[in-house]
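See below for the structure under consideration.
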Amino acid sequence: LANYWNGELTTSTVVVTPSIDMVQGNVSADEQRQRPYLFGNTEFVPSPDNKFKKTDELNVVFQVYNPGLEAGQPKVTIEYSFHQKSAEGEKYFNKTSPQEMNGQTLPPGLDVATMQMIPGGQAVPLGSFPAGDYRMEIKITDAVNKKTITRDVLFSVAG
(Lines give C-alpha, C1' and ligand atoms only; values in the text may rest on other atoms or scores of the structure.)
Protein backbone atom coordinates (compact mmCIF):
# COMPACT_ATOMS: atom_id res chain seq x y z
CA LEU A 1 0.00 0.00 0.00
CA ALA A 2 1.13 3.50 -0.79
CA ASN A 3 1.92 5.89 2.04
CA TYR A 4 0.40 9.15 0.81
CA TRP A 5 1.23 11.03 4.03
CA ASN A 6 5.01 10.96 3.62
CA GLY A 7 5.48 14.73 3.52
CA GLU A 8 6.06 14.84 -0.26
CA LEU A 9 3.65 16.47 -2.70
CA THR A 10 1.80 13.62 -4.45
CA THR A 11 -1.62 12.52 -5.64
CA SER A 12 -3.89 9.56 -5.28
CA THR A 13 -4.62 7.53 -8.39
CA VAL A 14 -6.47 9.70 -10.90
CA VAL A 15 -9.89 8.13 -11.37
CA VAL A 16 -11.45 8.62 -14.81
CA THR A 17 -15.24 8.41 -15.10
CA PRO A 18 -17.88 9.32 -17.69
CA SER A 19 -20.26 10.68 -15.04
CA ILE A 20 -20.48 11.95 -11.50
CA ASP A 21 -23.85 11.56 -9.81
CA MET A 22 -25.35 13.19 -6.74
CA VAL A 23 -27.09 10.76 -4.37
CA GLN A 24 -30.15 12.05 -2.53
CA GLY A 25 -30.69 11.48 1.19
CA ASN A 26 -28.47 9.89 3.80
CA VAL A 27 -26.40 6.81 3.02
CA SER A 28 -26.06 4.19 5.72
CA ALA A 29 -22.68 2.75 6.70
CA ASP A 30 -23.69 -0.58 5.11
CA GLU A 31 -24.60 1.14 1.82
CA GLN A 32 -21.30 3.04 1.91
CA ARG A 33 -19.32 -0.22 2.23
CA GLN A 34 -21.15 -1.67 -0.78
CA ARG A 35 -20.53 1.44 -2.90
CA PRO A 36 -16.76 2.11 -2.86
CA TYR A 37 -16.99 5.12 -5.18
CA LEU A 38 -19.53 6.97 -3.08
CA PHE A 39 -18.02 9.91 -1.17
CA GLY A 40 -20.55 11.83 0.89
CA ASN A 41 -23.37 12.36 -1.59
CA THR A 42 -21.16 12.16 -4.68
CA GLU A 43 -20.82 8.88 -6.58
CA PHE A 44 -18.81 7.94 -9.63
CA VAL A 45 -17.86 4.68 -11.32
CA PRO A 46 -14.41 4.45 -12.96
CA SER A 47 -14.25 3.97 -16.71
CA PRO A 48 -13.08 0.43 -17.52
CA ASP A 49 -11.22 1.47 -20.69
CA ASN A 50 -11.05 5.33 -20.87
CA LYS A 51 -12.94 5.23 -24.19
CA PHE A 52 -15.53 7.95 -24.63
CA LYS A 53 -18.02 9.23 -27.22
CA LYS A 54 -18.12 12.86 -28.34
CA THR A 55 -21.40 13.20 -26.39
CA ASP A 56 -19.67 12.10 -23.15
CA GLU A 57 -17.96 14.15 -20.50
CA LEU A 58 -14.46 13.27 -19.30
CA ASN A 59 -14.35 13.53 -15.50
CA VAL A 60 -11.20 13.08 -13.42
CA VAL A 61 -11.18 12.88 -9.63
CA PHE A 62 -8.17 12.68 -7.30
CA GLN A 63 -6.66 13.91 -4.04
CA VAL A 64 -3.56 16.09 -3.72
CA TYR A 65 -1.57 15.04 -0.64
CA ASN A 66 0.87 17.04 1.51
CA PRO A 67 0.42 20.54 0.10
CA GLY A 68 2.55 23.18 1.78
CA LEU A 69 0.61 25.48 4.07
CA GLU A 70 0.91 29.19 4.69
CA ALA A 71 -1.25 30.50 7.55
CA GLY A 72 -2.90 27.06 7.57
CA GLN A 73 -3.92 27.19 3.90
CA PRO A 74 -2.47 25.72 0.69
CA LYS A 75 -1.57 27.71 -2.42
CA VAL A 76 -1.91 25.09 -5.13
CA THR A 77 -2.62 25.57 -8.83
CA ILE A 78 -3.90 22.66 -10.93
CA GLU A 79 -3.64 22.92 -14.72
CA TYR A 80 -5.17 20.55 -17.26
CA SER A 81 -3.86 20.44 -20.84
CA PHE A 82 -4.80 18.10 -23.67
CA HIS A 83 -2.51 16.65 -26.32
CA GLN A 84 -3.71 14.69 -29.36
CA LYS A 85 -1.70 11.67 -30.45
CA SER A 86 -1.01 10.98 -34.13
CA ALA A 87 1.35 8.96 -36.31
CA GLU A 88 3.78 11.92 -36.24
CA GLY A 89 3.74 12.09 -32.45
CA GLU A 90 1.77 14.33 -30.15
CA LYS A 91 0.52 17.90 -30.52
CA TYR A 92 -1.08 20.33 -28.10
CA PHE A 93 -4.87 20.47 -28.50
CA ASN A 94 -6.26 22.74 -25.75
CA LYS A 95 -6.44 23.41 -22.02
CA THR A 96 -8.90 24.45 -19.34
CA SER A 97 -8.59 27.42 -17.00
CA PRO A 98 -6.25 26.74 -14.07
CA GLN A 99 -7.84 25.82 -10.73
CA GLU A 100 -6.58 27.78 -7.74
CA MET A 101 -6.82 25.81 -4.48
CA ASN A 102 -6.42 28.15 -1.51
CA GLY A 103 -8.23 29.54 1.52
CA GLN A 104 -10.59 31.57 -0.68
CA THR A 105 -11.53 28.76 -3.11
CA LEU A 106 -11.65 25.60 -0.97
CA PRO A 107 -14.91 24.61 0.75
CA PRO A 108 -15.45 26.31 4.13
CA GLY A 109 -14.53 24.03 7.01
CA LEU A 110 -12.09 21.90 4.97
CA ASP A 111 -9.27 21.35 7.48
CA VAL A 112 -6.27 20.93 5.19
CA ALA A 113 -3.80 21.19 8.08
CA THR A 114 -5.28 18.07 9.73
CA MET A 115 -6.16 16.08 6.58
CA GLN A 116 -3.01 17.04 4.62
CA MET A 117 -4.95 16.71 1.37
CA ILE A 118 -7.16 18.71 -0.96
CA PRO A 119 -9.57 17.49 -3.64
CA GLY A 120 -8.73 17.77 -7.32
CA GLY A 121 -10.85 17.16 -10.34
CA GLN A 122 -12.18 18.42 -13.62
CA ALA A 123 -15.14 17.78 -15.92
CA VAL A 124 -14.59 18.33 -19.65
CA PRO A 125 -17.28 17.97 -22.34
CA LEU A 126 -15.80 16.10 -25.32
CA GLY A 127 -17.99 17.57 -28.09
CA SER A 128 -15.15 19.72 -29.49
CA PHE A 129 -12.58 16.88 -29.45
CA PRO A 130 -11.97 15.25 -32.84
CA ALA A 131 -12.05 11.44 -32.74
CA GLY A 132 -8.69 10.08 -31.69
CA ASP A 133 -6.31 9.30 -28.83
CA TYR A 134 -5.34 11.90 -26.24
CA ARG A 135 -3.16 12.54 -23.23
CA MET A 136 -4.46 14.83 -20.51
CA GLU A 137 -1.60 16.33 -18.52
CA ILE A 138 -2.45 17.34 -14.97
CA LYS A 139 0.16 19.77 -13.63
CA ILE A 140 0.03 20.52 -9.89
CA THR A 141 2.10 23.42 -8.58
CA ASP A 142 2.53 24.03 -4.84
CA ALA A 143 3.57 27.69 -4.44
CA VAL A 144 4.36 27.31 -0.72
CA ASN A 145 6.87 24.47 -1.18
CA LYS A 146 7.84 25.52 -4.73
CA LYS A 147 7.23 22.01 -6.10
CA THR A 148 5.50 20.81 -9.26
CA ILE A 149 4.33 17.32 -10.18
CA THR A 150 2.46 15.99 -13.22
CA ARG A 151 0.10 13.11 -13.86
CA ASP A 152 -1.01 11.82 -17.26
CA VAL A 153 -4.38 10.37 -18.22
CA LEU A 154 -4.67 8.54 -21.54
CA PHE A 155 -8.10 8.40 -23.19
CA SER A 156 -9.75 8.15 -26.58
CA VAL A 157 -12.75 9.77 -28.21
CA ALA A 158 -14.81 7.82 -30.76
CA GLY A 159 -16.33 9.62 -33.76
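Chain labels run A, B, ... following the order of the C-alpha coordinates; each chain numbers its residues from 1, and ligands are numbered from 1 in the order shown.
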Name the residues of region 28-111 of chain A that fall into helix (DSSP H, G or I) according to DSSP on the backbone, using the chain letters and numbers of this document, as a PDB file with N, CA, C and O atoms, in the first residue's frame.
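Everything below was put into states_28.pdb:
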```pdb
ATOM      1  N   ALA A  29     -24.041   3.298   6.702  1.00  0.00           N
ATOM      2  CA  ALA A  29     -22.680   2.753   6.701  1.00  0.00           C
ATOM      3  C   ALA A  29     -22.617   1.481   5.858  1.00  0.00           C
ATOM      4  O   ALA A  29     -21.640   1.250   5.144  1.00  0.00           O
ATOM      5  N   ASP A  30     -23.661   0.644   5.924  1.00  0.00           N
ATOM      6  CA  ASP A  30     -23.694  -0.575   5.106  1.00  0.00           C
ATOM      7  C   ASP A  30     -23.721  -0.251   3.620  1.00  0.00           C
ATOM      8  O   ASP A  30     -23.004  -0.865   2.829  1.00  0.00           O
ATOM      9  N   GLU A  31     -24.543   0.736   3.231  1.00  0.00           N
ATOM     10  CA  GLU A  31     -24.596   1.145   1.825  1.00  0.00           C
ATOM     11  C   GLU A  31     -23.234   1.685   1.375  1.00  0.00           C
ATOM     12  O   GLU A  31     -22.788   1.410   0.267  1.00  0.00           O
ATOM     13  N   GLN A  32     -22.602   2.465   2.243  1.00  0.00           N
ATOM     14  CA  GLN A  32     -21.304   3.041   1.906  1.00  0.00           C
ATOM     15  C   GLN A  32     -20.279   1.938   1.628  1.00  0.00           C
ATOM     16  O   GLN A  32     -19.515   2.024   0.683  1.00  0.00           O
ATOM     17  N   ARG A  33     -20.271   0.888   2.431  1.00  0.00           N
ATOM     18  CA  ARG A  33     -19.323  -0.219   2.231  1.00  0.00           C
ATOM     19  C   ARG A  33     -19.573  -0.935   0.910  1.00  0.00           C
ATOM     20  O   ARG A  33     -18.642  -1.447   0.300  1.00  0.00           O
ATOM     21  N   GLN A  34     -20.812  -0.986   0.464  1.00  0.00           N
ATOM     22  CA  GLN A  34     -21.155  -1.670  -0.778  1.00  0.00           C
ATOM     23  C   GLN A  34     -20.933  -0.798  -2.007  1.00  0.00           C
ATOM     24  O   GLN A  34     -20.995  -1.284  -3.129  1.00  0.00           O
TER      25      GLN A  34
END
```
Set the distance at 7 Å and use only C-alpha atoms: which residues neighbour region 136-153 of chain A once local chain neighbours fewer than 2 positions away are removed? I'd like the list as an MDAnalysis selection string. chainID A and resid 67:70 75:83 134 155
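Minimum distance to Val15 (chain A) across A:Ser156, A:Lys53, A:Gln63, A:Arg135 (counting only C-alpha atoms) occurs at A:Gln63.
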CA of Pro130 (chain A) to CA of Val60 (chain A): how many Å, to one decimal? 19.6 Å
When you count only C-alpha atoms, which of these residues is closest to Thr114 (chain A): A:Asn66, A:Ser12, A:Gln84, A:Ser97? A:Asn66
Contact residues around Asn41 (chain A) with only C-alpha atoms at 9 Å, ignoring same-chain residues under 6 positions, as a PyMOL selection string: chain A and resi 21-27
Okay, now the selection with N, CA and C atoms, as a PDB file, in the first residue's frame?
```
ATOM      1  N   ASP A  21     -22.450  11.440 -10.192  1.00  0.00           N
ATOM      2  CA  ASP A  21     -23.848  11.559  -9.809  1.00  0.00           C
ATOM      3  C   ASP A  21     -23.975  12.003  -8.363  1.00  0.00           C
ATOM      4  N   MET A  22     -25.029  12.775  -8.104  1.00  0.00           N
ATOM      5  CA  MET A  22     -25.348  13.186  -6.738  1.00  0.00           C
ATOM      6  C   MET A  22     -26.410  12.233  -6.195  1.00  0.00           C
ATOM      7  N   VAL A  23     -26.179  11.693  -5.015  1.00  0.00           N
ATOM      8  CA  VAL A  23     -27.089  10.759  -4.368  1.00  0.00           C
ATOM      9  C   VAL A  23     -27.938  11.542  -3.367  1.00  0.00           C
ATOM     10  N   GLN A  24     -29.240  11.335  -3.423  1.00  0.00           N
ATOM     11  CA  GLN A  24     -30.154  12.047  -2.527  1.00  0.00           C
ATOM     12  C   GLN A  24     -30.268  11.315  -1.194  1.00  0.00           C
ATOM     13  N   GLY A  25     -30.450  12.066  -0.126  1.00  0.00           N
ATOM     14  CA  GLY A  25     -30.688  11.477   1.191  1.00  0.00           C
ATOM     15  C   GLY A  25     -29.417  11.015   1.863  1.00  0.00           C
ATOM     16  N   ASN A  26     -29.601  10.398   3.025  1.00  0.00           N
ATOM     17  CA  ASN A  26     -28.474   9.886   3.798  1.00  0.00           C
ATOM     18  C   ASN A  26     -28.141   8.464   3.375  1.00  0.00           C
ATOM     19  N   VAL A  27     -26.871   8.143   3.389  1.00  0.00           N
ATOM     20  CA  VAL A  27     -26.402   6.814   3.020  1.00  0.00           C
ATOM     21  C   VAL A  27     -25.931   6.123   4.296  1.00  0.00           C
TER      22      VAL A  27
END
```
Considering only C-alpha atoms, state which residue in the set A:Ala2, A:Asp111, A:Pro18, A:Leu58 is at the smallest distance from Glu43 (chain A). A:Pro18
Test item: residues at most 10 Å from Gly132 (chain A), only C-alpha atoms, excluding those fewer than 3 positions along its chain, as a ChimeraX atom specification: /A:51,84-86,129,155-159
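Of the residues listed (A:Pro125, A:Val112, A:Asp133, A:Met117), A:Asp133 shows the shortest atom-to-atom separation from Ala87 (chain A); distances use only C-alpha atoms.
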Quick one: DSSP strand (DSSP E) residues in region 8-149 of chain A, as a PyMOL selection string? chain A and resi 10-11+15-17+20-22+38-39+42-44+51-53+57-65+76-86+89-95+99-101+117-125+132-142+147-149
